[in-house]
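Engineer: The structure follows.
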Amino acid sequence: MTLLRIDDVYQSYEAEQVLQGVSFDMQQGDVDVLMGPSGSGKSTMLRCINRLTEVDSGDIWLGDTHVTAPETDVNELRQDVGMVFQDFNLFAHLTALENITLGLKRVKGVHAEQARERARGHLDQVGLGDQTDAYPAELSGGQKQRVGIARALAMEPKLMLFDEPTSALDPELVGDVVAVMQDLAAGGMTMLVVSHEMGFARSAADDIHFLDNGQIVESGPPEQLFEQPEQDRTAGFLSGLQADGPQ
Amino acid sequence: MSTEESSAVDDVGIAAGVSVERPWALLVLAGFWGWLGSRWINDFLLPDSIAVSSERSFVPVDPVAAAAETLGSVAAALGPVGAPVDVVASLVGFVAGSLPHLPPLARGAWLTLLLTVAGIGFGFVLAVPLSVGRVYGGRWLRWLSLSYTELIRGTPLLAQLFVLYFGLPLTQVIRELPGVGAGPLPAQAFWVAVVGFTLNSAAYQAEYIRSALESVDAGQLTAARAVGLSRAEGIRYVVLPQGLRYAIPGWSNELIYLIKYSSLAAFITVRELFFRAEAIANDTFRYTELFVLAALFYLALVLSASVVMGWVEERSSVPGVGGRQ
Amino acid sequence: MVQTGDWVFVLSNADTLLFGLVVTVVLTLTSLSVGFLLGFPAGAIEVYGDGVLRRVVTVAGGLLRGTPIVVILLVLFFVVSVSESAFITATVGLGLRSAAYQSQLFRGALQSVDEGQLEAARATGMGKLQAIRHVVVPQALRRSMPGFQNEFTIVLKDTSIAFAIGLAELLTQGYNLFTQSGRSTAVLEVFLVISAVYFVLTFLTNRGLDRVSDYYAIPAGENR
């Protein structure tokens with residue numbers, strides 16, 4: 001079943017064209033990775049899916065929901081789309097647990113005690129069951145990002161968006177976050193990930209979309225894209241990545 | 001009293017100045033200063049033979065009053081449609097009512113300016129040693145400097161002025177000084193006020209400078225010592241030039257505060273701007289004109305100060321130190 | 001000039017000064033409350049509002065911040081005549097002026113909260129108002145504590161300027177004590193005692209608000 005359909009999306013910021021006719025589909029349970037040089041429009045593509053950014057033209061469908069239709073309730077839509085940010089954006093005044101319960105209580109209307117129960121479960125799931133009362137400032141970058149993932153998961157989304165989830169982390173902390181993402185992928189979560197994390201892409205991705213100048217240059221499973229890219233631009237970019245090591 | 005306090009003051013401080021980005025505002029200010037300057041030259045410098053009487057306004061009052069009256073009757077004749085004319089009429093009426101009071105207010109503004117400039121200038125001279133003593137001094141010096149700033153900052157300025165004016169024999173001493181109260185030099189109360197504003201402003205300025213000094217990286221002084229400068233030289237030539245630049249926003253703030261609080265000198269009989277406005281209002285019962293005029297004068301002074309300080313900040317900044325990044 | 005008899009005089013009139021002290025404390029609290037109730041929304045309007053309302057708030061704030069408090073008080077008393085009561089006039093005057101400063105405090109605090117916080121809240125499906133209310137405001141209020149502490153002591157000290165409209169607060173009571181009793185030699189003693197009382201008040205206020213700040217502080221500070 002097709003969960004996400006991106007159809008000919010254009011988006012511009014001020015005078016600059018950011019997305020120029022992007023289209024792709026994702027099936028339920030797919031894990032897709034968006035790669036491409038900085039400024040190629042990867043993050044914008046993600047943000048259009050939960051309408052933190054509005055498209056200029058084109059359509060996005062999430063299951064039966066016409067995401068880009070003006071009458072769609074963005075607050076309801078966003079409960080179905082979890083988002084994980086590059087710089088975490090954990091609520092600085094709330095503990096790890098409260099970061100998760102806030103949305104459950106205020107958006108889903110879950111009763112406080114039940115919200116805490118569910119939040120604890122999600123923290124356990126990302127390996128932070130012992131950090132429930134820690135404030136964001138007391139956590140390492142990797143821990144923060146795992147709380148960020150748990151916060152998004154708690155809303156029970158149909159689709160998870162990851163916006164460069166490991167690029168703000170020290171290299172030795174990347175592994176924990178990638179492991180959590182791999183678990184999620186193995187558990188059948190539909191995930192769209194902007195990342196240059198080759199290890200994750202190889203092990204978990206169904207498809208990789210290579211974006212440049214707001215267009216998808218090439219798509220395919222990791223082995224095909226990494227080993228035998230058809231386009232020179234893809235090859236050039238990937239060889240640069242591999243030479244420099246993962247970002 | 002806490003360390004965070006002074007840093008937060010800066011935030012409020014920048015906002016305390018009303019922003020002047022529009023050219024017409026600058027034009028109005030230029031007009032205000034042009035008029036004020038000519039008034040001062042006319043009243044204080046020009047010989048009586050060629051000067052306009054210091055009690056007469058430059059613009060004759062009668063035609064303006066007549067115009068206001070005419071406009072008022074036009075508005076009345078027009079009935080309900082005349083409402084806009086009526087507004088104009090009352091504005092012109094306000095101007096006509098204000099004109100006779102402008103000359104004394106201009107002389108009051110002269111004292112306001114002197115009080116502010118003297119307070120901030122002498123205060124600065126005291127504030128630098130106070131803050132350096134607080135940051136780099138030994139135990140006693142630190143304690144002394146801290147006690148002074150906290151005592152001053154913990155009590156109202158008006159109470160300080162009362163202690164100096166009513167409580168201490170300061171007035172008798174100042175009265176004996178040569179020239180006080182004679183000719184262009186203001187009378188003794190003014191000098192008591194200058195002492196008060198200096199002592200008060202020194203404490204507040206010392207706080208701004210202290211937090212600015214503390215924000216200068218400690219490595220700067222270490223590097224200065226490594227070059228062979230003495231500790232005092234390092235503070236003088238390396239830390240202070242950077243710290244004082246960081247202190248400018250807080251300092252602008254203090255200037256604006258001082259302009260406004262100089263009005264309290266009226267309560268120890270200094271004939272500055274507010275004193276004059278209140279005195280005339282009490283004589284003539286024209287409270288609206290006089291207090292609105294006083295407010296406009298202070299606004300113009302405050303705006304001018306923030307324009308000047310913005311310029312100072314711009315001029316004194318070097319890449320990486322000071323200025324609005 | 002400082003004489004034992006004058007200290008006794010001050011002591012024997014302690015009730016007069018105590019009355020003034022109560023007025024000063026109550027006036028400080030009422031003015032700060034008016035300042036908060038008007039200043040917080042005004043700050044929010046300056047950040048999130050637009051159009052005429054925002055312009056009105058900005059201009060009114062600028063006027064109040066650019067005018068000496070004594071002029072504001074006299075305008076309210078003699079021109080606008082908000083009330084015959086000097087206490088109410090002083091509350092309105094000090095309150096409005098404090099609102100103008102508190103609005104800047106809260107404006108700065110609201111703006112200092114990282115944009116990502118609002119975005120992350122919106123991404124979980126919260127409406128804009130909900131996100132501001134539950135994510136931005138709690139952080140902004142904590143950040144405005146040091147500035148609020150400063151504002152508190154400024155208002156406390158400036159209640160003395162209600163002297164100008166004859167309100168019987170601490171300073172006025174002291175002034176009347178030495179002008180009306182014929183005991184003019186006691187003037188230094190009276191004002192020193194009054195200054196000491198103000199100092200103790202600001203000192204206690206600062207210590208108290210330090211405690212409150214610490215209590216509500218978010219643990220560990222290395223993160224913004």
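Identifiers for the structure tokens are assigned positionally: chains receive A, B, ... in sequence, residues are indexed from 1 per chain, and ligands are indexed from 1 in the order shown.
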Might you pull out every residue within 12 Å of Val155 (chain C), with only C-alpha atoms counted and same-chain residues fewer than 6 positions away left off, and present them as an mmCIF file with N, CA and C atoms, in the first residue's frame?

Structural biologist:
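result_5.cif, written as the output of this step:
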```
data_model
loop_
_atom_site.group_PDB
_atom_site.id
_atom_site.type_symbol
_atom_site.label_atom_id
_atom_site.label_comp_id
_atom_site.auth_asym_id
_atom_site.auth_seq_id
_atom_site.Cartn_x
_atom_site.Cartn_y
_atom_site.Cartn_z
ATOM 1 N N GLY B 154 20.912 50.424 46.323
ATOM 2 C CA GLY B 154 19.829 49.895 47.142
ATOM 3 C C GLY B 154 18.931 50.964 47.745
ATOM 4 N N THR B 155 19.232 52.236 47.486
ATOM 5 C CA THR B 155 18.413 53.301 48.068
ATOM 6 C C THR B 155 17.937 54.247 46.973
ATOM 7 N N PRO B 156 16.798 54.917 47.185
ATOM 8 C CA PRO B 156 16.262 55.788 46.132
ATOM 9 C C PRO B 156 17.121 57.043 45.948
ATOM 10 N N THR C 24 4.625 52.038 51.004
ATOM 11 C CA THR C 24 5.669 51.777 50.014
ATOM 12 C C THR C 24 5.613 50.328 49.518
ATOM 13 N N VAL C 25 5.488 49.389 50.456
ATOM 14 C CA VAL C 25 5.482 47.974 50.065
ATOM 15 C C VAL C 25 4.250 47.655 49.233
ATOM 16 N N VAL C 26 3.091 48.138 49.693
ATOM 17 C CA VAL C 26 1.855 47.833 48.958
ATOM 18 C C VAL C 26 1.897 48.481 47.571
ATOM 19 N N LEU C 27 2.364 49.721 47.515
ATOM 20 C CA LEU C 27 2.438 50.411 46.223
ATOM 21 C C LEU C 27 3.381 49.679 45.261
ATOM 22 N N THR C 28 4.489 49.182 45.784
ATOM 23 C CA THR C 28 5.416 48.422 44.942
ATOM 24 C C THR C 28 4.708 47.206 44.344
ATOM 25 N N LEU C 29 3.972 46.489 45.200
ATOM 26 C CA LEU C 29 3.330 45.261 44.727
ATOM 27 C C LEU C 29 2.206 45.560 43.736
ATOM 28 N N THR C 30 1.385 46.578 44.034
ATOM 29 C CA THR C 30 0.292 46.869 43.095
ATOM 30 C C THR C 30 0.854 47.360 41.759
ATOM 31 N N SER C 31 1.894 48.209 41.814
ATOM 32 C CA SER C 31 2.459 48.739 40.566
ATOM 33 C C SER C 31 3.071 47.630 39.723
ATOM 34 N N LEU C 32 3.796 46.728 40.386
ATOM 35 C CA LEU C 32 4.415 45.635 39.641
ATOM 36 C C LEU C 32 3.352 44.726 39.035
ATOM 37 N N SER C 33 2.244 44.537 39.755
ATOM 38 C CA SER C 33 1.183 43.684 39.221
ATOM 39 C C SER C 33 0.560 44.318 37.989
ATOM 40 N N VAL C 34 0.237 45.605 38.088
ATOM 41 C CA VAL C 34 -0.291 46.303 36.912
ATOM 42 C C VAL C 34 0.727 46.193 35.774
ATOM 43 N N GLY C 35 2.006 46.400 36.110
ATOM 44 C CA GLY C 35 3.071 46.319 35.107
ATOM 45 C C GLY C 35 3.129 44.960 34.439
ATOM 46 N N ILE C 69 9.430 59.614 35.324
ATOM 47 C CA ILE C 69 8.280 59.113 36.070
ATOM 48 C C ILE C 69 7.553 60.250 36.786
ATOM 49 N N ALA C 90 -0.596 56.880 41.730
ATOM 50 C CA ALA C 90 0.770 56.366 41.745
ATOM 51 C C ALA C 90 0.817 54.938 41.212
ATOM 52 N N THR C 91 -0.186 54.121 41.563
ATOM 53 C CA THR C 91 -0.227 52.747 41.058
ATOM 54 C C THR C 91 -0.328 52.739 39.537
ATOM 55 N N GLY C 93 0.487 55.184 37.440
ATOM 56 C CA GLY C 93 1.689 55.759 36.830
ATOM 57 C C GLY C 93 2.866 54.799 36.870
ATOM 58 N N LEU C 94 3.175 54.330 38.076
ATOM 59 C CA LEU C 94 4.299 53.393 38.200
ATOM 60 C C LEU C 94 4.003 52.094 37.450
ATOM 61 N N GLY C 95 2.716 51.699 37.470
ATOM 62 C CA GLY C 95 2.318 50.472 36.792
ATOM 63 C C GLY C 95 2.482 50.576 35.284
ATOM 64 N N LEU C 96 2.017 51.694 34.707
ATOM 65 C CA LEU C 96 2.142 51.872 33.256
ATOM 66 C C LEU C 96 3.612 51.924 32.849
ATOM 67 N N ARG C 97 4.395 52.667 33.613
ATOM 68 C CA ARG C 97 5.804 52.789 33.268
ATOM 69 C C ARG C 97 6.484 51.430 33.389
ATOM 70 N N SER C 98 6.146 50.702 34.455
ATOM 71 C CA SER C 98 6.737 49.378 34.620
ATOM 72 C C SER C 98 6.300 48.449 33.488
ATOM 73 N N ALA C 99 5.050 48.576 33.057
ATOM 74 C CA ALA C 99 4.573 47.757 31.941
ATOM 75 C C ALA C 99 5.426 48.007 30.702
ATOM 76 N N TYR C 101 8.532 48.877 30.601
ATOM 77 C CA TYR C 101 9.825 48.195 30.736
ATOM 78 C C TYR C 101 9.669 46.675 30.749
ATOM 79 N N GLN C 102 8.626 46.188 31.433
ATOM 80 C CA GLN C 102 8.435 44.743 31.457
ATOM 81 C C GLN C 102 8.150 44.197 30.062
ATOM 82 N N PHE C 148 13.485 40.873 35.692
ATOM 83 C CA PHE C 148 12.331 41.194 36.518
ATOM 84 C C PHE C 148 12.781 41.614 37.917
ATOM 85 N N GLN C 149 13.797 40.925 38.398
ATOM 86 C CA GLN C 149 14.374 41.259 39.701
ATOM 87 C C GLN C 149 14.845 42.713 39.710
ATOM 88 N N ILE C 161 9.135 58.530 44.501
ATOM 89 C CA ILE C 161 8.848 59.707 43.681
ATOM 90 C C ILE C 161 7.368 60.089 43.785
ATOM 91 N N ALA C 162 6.548 59.192 44.337
ATOM 92 C CA ALA C 162 5.154 59.550 44.606
ATOM 93 C C ALA C 162 5.092 60.690 45.624
ATOM 94 N N TYR C 198 14.989 51.384 53.066
ATOM 95 C CA TYR C 198 14.952 51.061 51.633
ATOM 96 C C TYR C 198 16.019 50.030 51.291
ATOM 97 N N LEU C 201 14.980 46.676 52.330
ATOM 98 C CA LEU C 201 13.920 46.187 51.443
ATOM 99 C C LEU C 201 14.495 45.673 50.116
ATOM 100 N N THR C 202 15.359 46.462 49.483
ATOM 101 C CA THR C 202 15.901 46.004 48.189
ATOM 102 C C THR C 202 16.756 44.768 48.393
ATOM 103 N N THR C 205 14.477 41.803 48.926
ATOM 104 C CA THR C 205 13.833 41.499 47.647
ATOM 105 C C THR C 205 14.777 40.715 46.744
#
```

Engineer: Can you measure CA of Arg146 (chain A) to CA of Glu98 (chain A) for me? One decimal in Å is fine.

Structural biologist: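 Those two atoms sit 14.2 Å apart.
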
Engineer: Would you give me, as a VMD selection string, the residues of chain C that come within 12 Å of chain A, using only C-alpha atoms?

Structural biologist: chain C and resid 113 to 143 216 to 224

Engineer: Write the residues of the preceding selection, restricted to N, CA, C and O atoms, as a short mmCIF file (atom, residue, chain, number, x, y, z; two decimals), in the first residue's frame.

Structural biologist:
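See out.cif below for the written result:
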```cif
data_model
loop_
_atom_site.label_atom_id
_atom_site.label_comp_id
_atom_site.auth_asym_id
_atom_site.auth_seq_id
_atom_site.Cartn_x
_atom_site.Cartn_y
_atom_site.Cartn_z
N VAL C 113 14.08 32.69 22.91
CA VAL C 113 13.80 31.25 22.86
C VAL C 113 14.00 30.79 21.42
O VAL C 113 13.43 31.37 20.49
N ASP C 114 14.82 29.76 21.25
CA ASP C 114 15.17 29.30 19.92
C ASP C 114 13.94 28.97 19.08
O ASP C 114 12.97 28.40 19.57
N GLU C 115 13.99 29.35 17.80
CA GLU C 115 12.86 29.11 16.92
C GLU C 115 12.52 27.63 16.79
O GLU C 115 11.38 27.26 16.58
N GLY C 116 13.56 26.80 16.90
CA GLY C 116 13.36 25.35 16.79
C GLY C 116 12.40 24.83 17.84
O GLY C 116 11.73 23.81 17.63
N GLN C 117 12.32 25.51 18.99
CA GLN C 117 11.42 25.07 20.05
C GLN C 117 9.96 25.16 19.58
O GLN C 117 9.18 24.24 19.78
N LEU C 118 9.65 26.29 18.96
CA LEU C 118 8.28 26.48 18.46
C LEU C 118 8.00 25.48 17.34
O LEU C 118 6.95 24.86 17.28
N GLU C 119 9.02 25.29 16.49
CA GLU C 119 8.86 24.40 15.36
C GLU C 119 8.63 22.96 15.82
O GLU C 119 7.74 22.26 15.32
N ALA C 120 9.43 22.53 16.81
CA ALA C 120 9.29 21.17 17.31
C ALA C 120 7.91 20.98 17.93
O ALA C 120 7.29 19.93 17.78
N ALA C 121 7.41 22.00 18.61
CA ALA C 121 6.08 21.90 19.22
C ALA C 121 5.02 21.81 18.14
O ALA C 121 4.10 20.98 18.21
N ARG C 122 5.17 22.65 17.09
CA ARG C 122 4.21 22.59 15.98
C ARG C 122 4.27 21.23 15.30
O ARG C 122 3.25 20.69 14.88
N ALA C 123 5.48 20.66 15.21
CA ALA C 123 5.64 19.37 14.52
C ALA C 123 4.93 18.24 15.26
O ALA C 123 4.58 17.23 14.67
N THR C 124 4.73 18.38 16.58
CA THR C 124 3.97 17.33 17.27
C THR C 124 2.47 17.55 17.13
O THR C 124 1.69 16.79 17.68
N GLY C 125 2.06 18.62 16.44
CA GLY C 125 0.64 18.82 16.19
C GLY C 125 0.00 19.88 17.06
O GLY C 125 -1.22 20.00 17.08
N MET C 126 0.80 20.62 17.83
CA MET C 126 0.21 21.69 18.64
C MET C 126 -0.10 22.90 17.77
O MET C 126 0.63 23.19 16.82
N GLY C 127 -1.19 23.60 18.10
CA GLY C 127 -1.50 24.86 17.42
C GLY C 127 -0.50 25.91 17.85
O GLY C 127 0.23 25.73 18.82
N LYS C 128 -0.48 27.05 17.12
CA LYS C 128 0.52 28.06 17.41
C LYS C 128 0.38 28.60 18.83
O LYS C 128 1.35 28.70 19.58
N LEU C 129 -0.86 28.92 19.22
CA LEU C 129 -1.08 29.47 20.56
C LEU C 129 -0.68 28.46 21.64
O LEU C 129 -0.05 28.81 22.63
N GLN C 130 -1.08 27.20 21.40
CA GLN C 130 -0.74 26.13 22.34
C GLN C 130 0.77 26.01 22.49
O GLN C 130 1.30 25.88 23.59
N ALA C 131 1.46 26.05 21.35
CA ALA C 131 2.92 25.90 21.37
C ALA C 131 3.56 27.07 22.11
O ALA C 131 4.49 26.88 22.91
N ILE C 132 3.07 28.28 21.86
CA ILE C 132 3.62 29.44 22.56
C ILE C 132 3.36 29.31 24.06
O ILE C 132 4.24 29.49 24.89
N ARG C 133 2.12 28.92 24.37
CA ARG C 133 1.71 28.84 25.77
C ARG C 133 2.51 27.78 26.55
O ARG C 133 2.93 28.02 27.67
N HIS C 134 2.71 26.60 25.96
CA HIS C 134 3.31 25.51 26.73
C HIS C 134 4.81 25.36 26.54
O HIS C 134 5.47 24.72 27.34
N VAL C 135 5.34 25.90 25.46
CA VAL C 135 6.77 25.70 25.20
C VAL C 135 7.56 27.00 25.29
O VAL C 135 8.58 27.08 25.97
N VAL C 136 7.09 28.05 24.62
CA VAL C 136 7.88 29.28 24.58
C VAL C 136 7.74 30.08 25.88
O VAL C 136 8.73 30.49 26.48
N VAL C 137 6.51 30.29 26.32
CA VAL C 137 6.28 31.14 27.49
C VAL C 137 6.99 30.62 28.76
O VAL C 137 7.63 31.41 29.45
N PRO C 138 6.88 29.32 29.08
CA PRO C 138 7.57 28.88 30.30
C PRO C 138 9.08 29.15 30.27
O PRO C 138 9.68 29.50 31.28
N GLN C 139 9.67 29.01 29.10
CA GLN C 139 11.11 29.28 29.01
C GLN C 139 11.39 30.77 29.08
O GLN C 139 12.34 31.22 29.73
N ALA C 140 10.53 31.56 28.43
CA ALA C 140 10.73 33.01 28.42
C ALA C 140 10.59 33.58 29.83
O ALA C 140 11.36 34.45 30.24
N LEU C 141 9.60 33.09 30.57
CA LEU C 141 9.40 33.61 31.94
C LEU C 141 10.63 33.35 32.78
O LEU C 141 11.07 34.20 33.54
N ARG C 142 11.21 32.16 32.65
CA ARG C 142 12.41 31.86 33.44
C ARG C 142 13.55 32.79 33.04
O ARG C 142 14.29 33.28 33.88
N ARG C 143 13.68 33.03 31.75
CA ARG C 143 14.77 33.89 31.31
C ARG C 143 14.59 35.33 31.71
O ARG C 143 15.55 36.09 31.75
N TYR C 216 13.33 27.74 40.31
CA TYR C 216 12.74 27.43 39.01
C TYR C 216 13.77 27.23 37.91
O TYR C 216 13.42 26.96 36.77
N ALA C 217 15.05 27.38 38.25
CA ALA C 217 16.07 27.26 37.21
C ALA C 217 16.05 25.88 36.58
O ALA C 217 15.71 24.89 37.23
N ILE C 218 16.38 25.82 35.31
CA ILE C 218 16.46 24.54 34.62
C ILE C 218 17.86 23.98 34.89
O ILE C 218 18.84 24.67 34.65
N PRO C 219 17.96 22.75 35.40
CA PRO C 219 19.27 22.21 35.77
C PRO C 219 20.29 22.23 34.63
O PRO C 219 19.89 22.12 33.47
N ALA C 220 21.55 22.35 34.99
CA ALA C 220 22.69 22.35 34.07
C ALA C 220 22.50 23.38 32.98
O ALA C 220 21.48 23.43 32.34
N GLY C 221 23.53 24.20 32.78
CA GLY C 221 23.27 25.33 31.92
C GLY C 221 24.04 25.38 30.63
O GLY C 221 23.93 26.34 29.89
N GLU C 222 24.82 24.34 30.33
CA GLU C 222 25.73 24.48 29.18
C GLU C 222 24.96 24.59 27.89
O GLU C 222 25.39 25.18 26.93
N ASN C 223 23.72 24.06 27.91
CA ASN C 223 22.87 24.09 26.72
C ASN C 223 22.08 25.38 26.69
O ASN C 223 21.21 25.58 27.50
N ARG C 224 22.36 26.25 25.75
CA ARG C 224 21.81 27.60 25.57
C ARG C 224 21.14 28.17 26.81
O ARG C 224 20.12 27.84 27.26
#
```

Engineer: Which residues are close to region 219-224 of chain B, i.e. within 7 Å by only C-alpha atoms, leaving aside same-chain residues fewer than 2 positions away? Reply as a list of chain:residue names.

Structural biologist: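 The residues satisfying every condition are B:Asp217, B:Ala226, B:Val227, B:Gly228, B:Leu229, B:Gly234, B:Ile235, B:Val238, B:Val239.
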
Engineer: Dump N, CA, C and O atoms for the selected residues as a PDB file, in the first residue's frame?

Structural biologist:
```
ATOM      1  N   ASP B 217      37.796  38.189  28.073  1.00  0.00           N
ATOM      2  CA  ASP B 217      38.409  36.881  28.288  1.00  0.00           C
ATOM      3  C   ASP B 217      39.639  36.990  29.199  1.00  0.00           C
ATOM      4  O   ASP B 217      40.477  37.882  29.029  1.00  0.00           O
ATOM      5  N   ALA B 226      52.275  38.109  29.576  1.00  0.00           N
ATOM      6  CA  ALA B 226      53.288  37.333  28.861  1.00  0.00           C
ATOM      7  C   ALA B 226      54.139  38.225  27.966  1.00  0.00           C
ATOM      8  O   ALA B 226      55.309  37.957  27.715  1.00  0.00           O
ATOM      9  N   VAL B 227      53.543  39.314  27.470  1.00  0.00           N
ATOM     10  CA  VAL B 227      54.287  40.250  26.634  1.00  0.00           C
ATOM     11  C   VAL B 227      55.243  41.079  27.492  1.00  0.00           C
ATOM     12  O   VAL B 227      56.148  41.724  26.984  1.00  0.00           O
ATOM     13  N   GLY B 228      55.025  41.075  28.802  1.00  0.00           N
ATOM     14  CA  GLY B 228      55.914  41.812  29.686  1.00  0.00           C
ATOM     15  C   GLY B 228      55.285  43.029  30.326  1.00  0.00           C
ATOM     16  O   GLY B 228      55.954  43.797  31.009  1.00  0.00           O
ATOM     17  N   LEU B 229      53.990  43.259  30.057  1.00  0.00           N
ATOM     18  CA  LEU B 229      53.305  44.374  30.717  1.00  0.00           C
ATOM     19  C   LEU B 229      53.084  44.026  32.183  1.00  0.00           C
ATOM     20  O   LEU B 229      52.896  42.869  32.528  1.00  0.00           O
ATOM     21  N   GLY B 234      48.566  45.969  31.969  1.00  0.00           N
ATOM     22  CA  GLY B 234      47.709  45.027  31.248  1.00  0.00           C
ATOM     23  C   GLY B 234      46.248  45.435  31.354  1.00  0.00           C
ATOM     24  O   GLY B 234      45.505  45.414  30.373  1.00  0.00           O
ATOM     25  N   ILE B 235      45.837  45.816  32.574  1.00  0.00           N
ATOM     26  CA  ILE B 235      44.456  46.257  32.772  1.00  0.00           C
ATOM     27  C   ILE B 235      44.217  47.547  31.979  1.00  0.00           C
ATOM     28  O   ILE B 235      43.223  47.683  31.260  1.00  0.00           O
ATOM     29  N   VAL B 238      45.004  46.749  27.865  1.00  0.00           N
ATOM     30  CA  VAL B 238      44.388  45.617  27.163  1.00  0.00           C
ATOM     31  C   VAL B 238      42.948  45.372  27.618  1.00  0.00           C
ATOM     32  O   VAL B 238      42.029  45.315  26.795  1.00  0.00           O
ATOM     33  N   VAL B 239      42.733  45.252  28.936  1.00  0.00           N
ATOM     34  CA  VAL B 239      41.392  44.893  29.409  1.00  0.00           C
ATOM     35  C   VAL B 239      40.414  46.070  29.307  1.00  0.00           C
ATOM     36  O   VAL B 239      39.324  45.929  28.752  1.00  0.00           O
TER      37      VAL B 239
END
```

Engineer: How close does each residue of chain C get to chain B, giving the shortest atom pair and distance in Å to one decimal for every residue with an atom at most 6 Å away, counting only C-alpha atoms, sorted by chain and residue number, as a tab-separated table?

Structural biologist:
```
residue	atom	partner	partner_atom	distance
C:Gly62	CA	B:Val18	CA	5.2
C:Arg65	CA	B:Ala16	CA	5.9
C:Gly66	CA	B:Leu299	CA	5.1
C:Thr67	CA	B:Ala295	CA	5.6
C:Pro68	CA	B:Lys260	CA	4.5
C:Val79	CA	B:Thr288	CA	5.3
C:Gln104	CA	B:Val12	CA	6.0
C:Leu105	CA	B:Val12	CA	5.9
C:Pro146	CA	B:Glu5	CA	5.2
C:Gly147	CA	B:Ala8	CA	5.0
C:Lys157	CA	B:Pro156	CA	4.7
C:Val187	CA	B:Gly167	CA	5.4
C:Leu188	CA	B:Gly167	CA	4.0
C:Phe191	CA	B:Val163	CA	5.9
C:Ser195	CA	B:Thr155	CA	5.7
C:Tyr198	CA	B:Thr155	CA	5.4
C:Phe199	CA	B:Gly154	CA	4.7
C:Thr202	CA	B:Gly154	CA	5.6
```

Engineer: From the DSSP assignment of the backbone, select every residue of region 59-150 of chain C that is alpha helix (DSSP H), and format the answer as a PyMOL selection string.

Structural biologist: chain C and resi 59-66+69-74+86-112+115-123+128-131+137-143+145-150

Engineer: Quick one: residues within 12 Å of Gln205 (chain B), only C-alpha atoms counted, chain neighbours fewer than 4 positions away excluded, as JSON, numbers by chain?

Structural biologist: {"B": [6, 9, 10, 119, 120, 121, 122, 123, 124, 125, 126, 127, 128, 129, 130, 131, 132, 149, 152, 153, 197, 198, 199, 200, 201, 209, 210, 211, 212, 244, 247, 248, 249, 250, 251, 252, 253, 254, 255, 257, 258]}

Engineer: When you look at Gly97 (chain B) with a cut-off of 12 Å (counting only C-alpha atoms), what residues show up, excluding the ones that are within fewer than 3 positions of it in the same chain? I need them as a list in words.

Structural biologist: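 Answer for this query is Ser57, Pro60, Val61, Asp62, Pro63, Val64, Ala65, Ala66, Ala68, Glu69, Ser90, Leu91, Val92, Gly93, Phe94, Pro100, His101, Leu102, Ala281, Thr284, Phe285, Arg286, Tyr287, Thr288, Glu289, Leu290, Val292 and Leu293 of chain B.
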
Engineer: Could the residues in this selection be written to a file with C-alpha atoms, as a PDB file, in the first residue's frame?

Structural biologist:
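Here's the written file out-v3.pdb:
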```pdb
ATOM      1  CA  SER B  57       9.218  83.723  22.588  1.00  0.00           C
ATOM      2  CA  PRO B  60       4.848  86.109  18.344  1.00  0.00           C
ATOM      3  CA  VAL B  61       1.998  84.615  20.350  1.00  0.00           C
ATOM      4  CA  ASP B  62      -0.936  86.790  19.291  1.00  0.00           C
ATOM      5  CA  PRO B  63      -1.259  85.760  15.612  1.00  0.00           C
ATOM      6  CA  VAL B  64      -1.146  82.076  16.554  1.00  0.00           C
ATOM      7  CA  ALA B  65      -3.789  82.574  19.246  1.00  0.00           C
ATOM      8  CA  ALA B  66      -5.920  84.476  16.733  1.00  0.00           C
ATOM      9  CA  ALA B  68      -6.638  79.149  16.786  1.00  0.00           C
ATOM     10  CA  GLU B  69      -9.708  81.221  17.546  1.00  0.00           C
ATOM     11  CA  SER B  90      -7.155  72.754  19.463  1.00  0.00           C
ATOM     12  CA  LEU B  91      -3.639  71.830  18.294  1.00  0.00           C
ATOM     13  CA  VAL B  92      -2.999  75.422  17.218  1.00  0.00           C
ATOM     14  CA  GLY B  93      -4.540  76.516  20.498  1.00  0.00           C
ATOM     15  CA  PHE B  94      -2.116  74.270  22.343  1.00  0.00           C
ATOM     16  CA  PRO B 100       4.901  82.076  26.113  1.00  0.00           C
ATOM     17  CA  HIS B 101       6.327  79.299  28.312  1.00  0.00           C
ATOM     18  CA  LEU B 102       8.984  78.093  25.925  1.00  0.00           C
ATOM     19  CA  ALA B 281       1.792  75.250  35.888  1.00  0.00           C
ATOM     20  CA  THR B 284      -1.063  79.665  35.587  1.00  0.00           C
ATOM     21  CA  PHE B 285      -3.076  76.460  36.157  1.00  0.00           C
ATOM     22  CA  ARG B 286      -2.179  75.474  32.585  1.00  0.00           C
ATOM     23  CA  TYR B 287      -1.280  71.950  33.677  1.00  0.00           C
ATOM     24  CA  THR B 288      -1.972  70.312  30.322  1.00  0.00           C
ATOM     25  CA  GLU B 289       0.289  72.572  28.266  1.00  0.00           C
ATOM     26  CA  LEU B 290       3.125  72.615  30.749  1.00  0.00           C
ATOM     27  CA  VAL B 292       2.841  67.842  27.982  1.00  0.00           C
ATOM     28  CA  LEU B 293       5.576  70.310  26.996  1.00  0.00           C
TER      29      LEU B 293
END
```
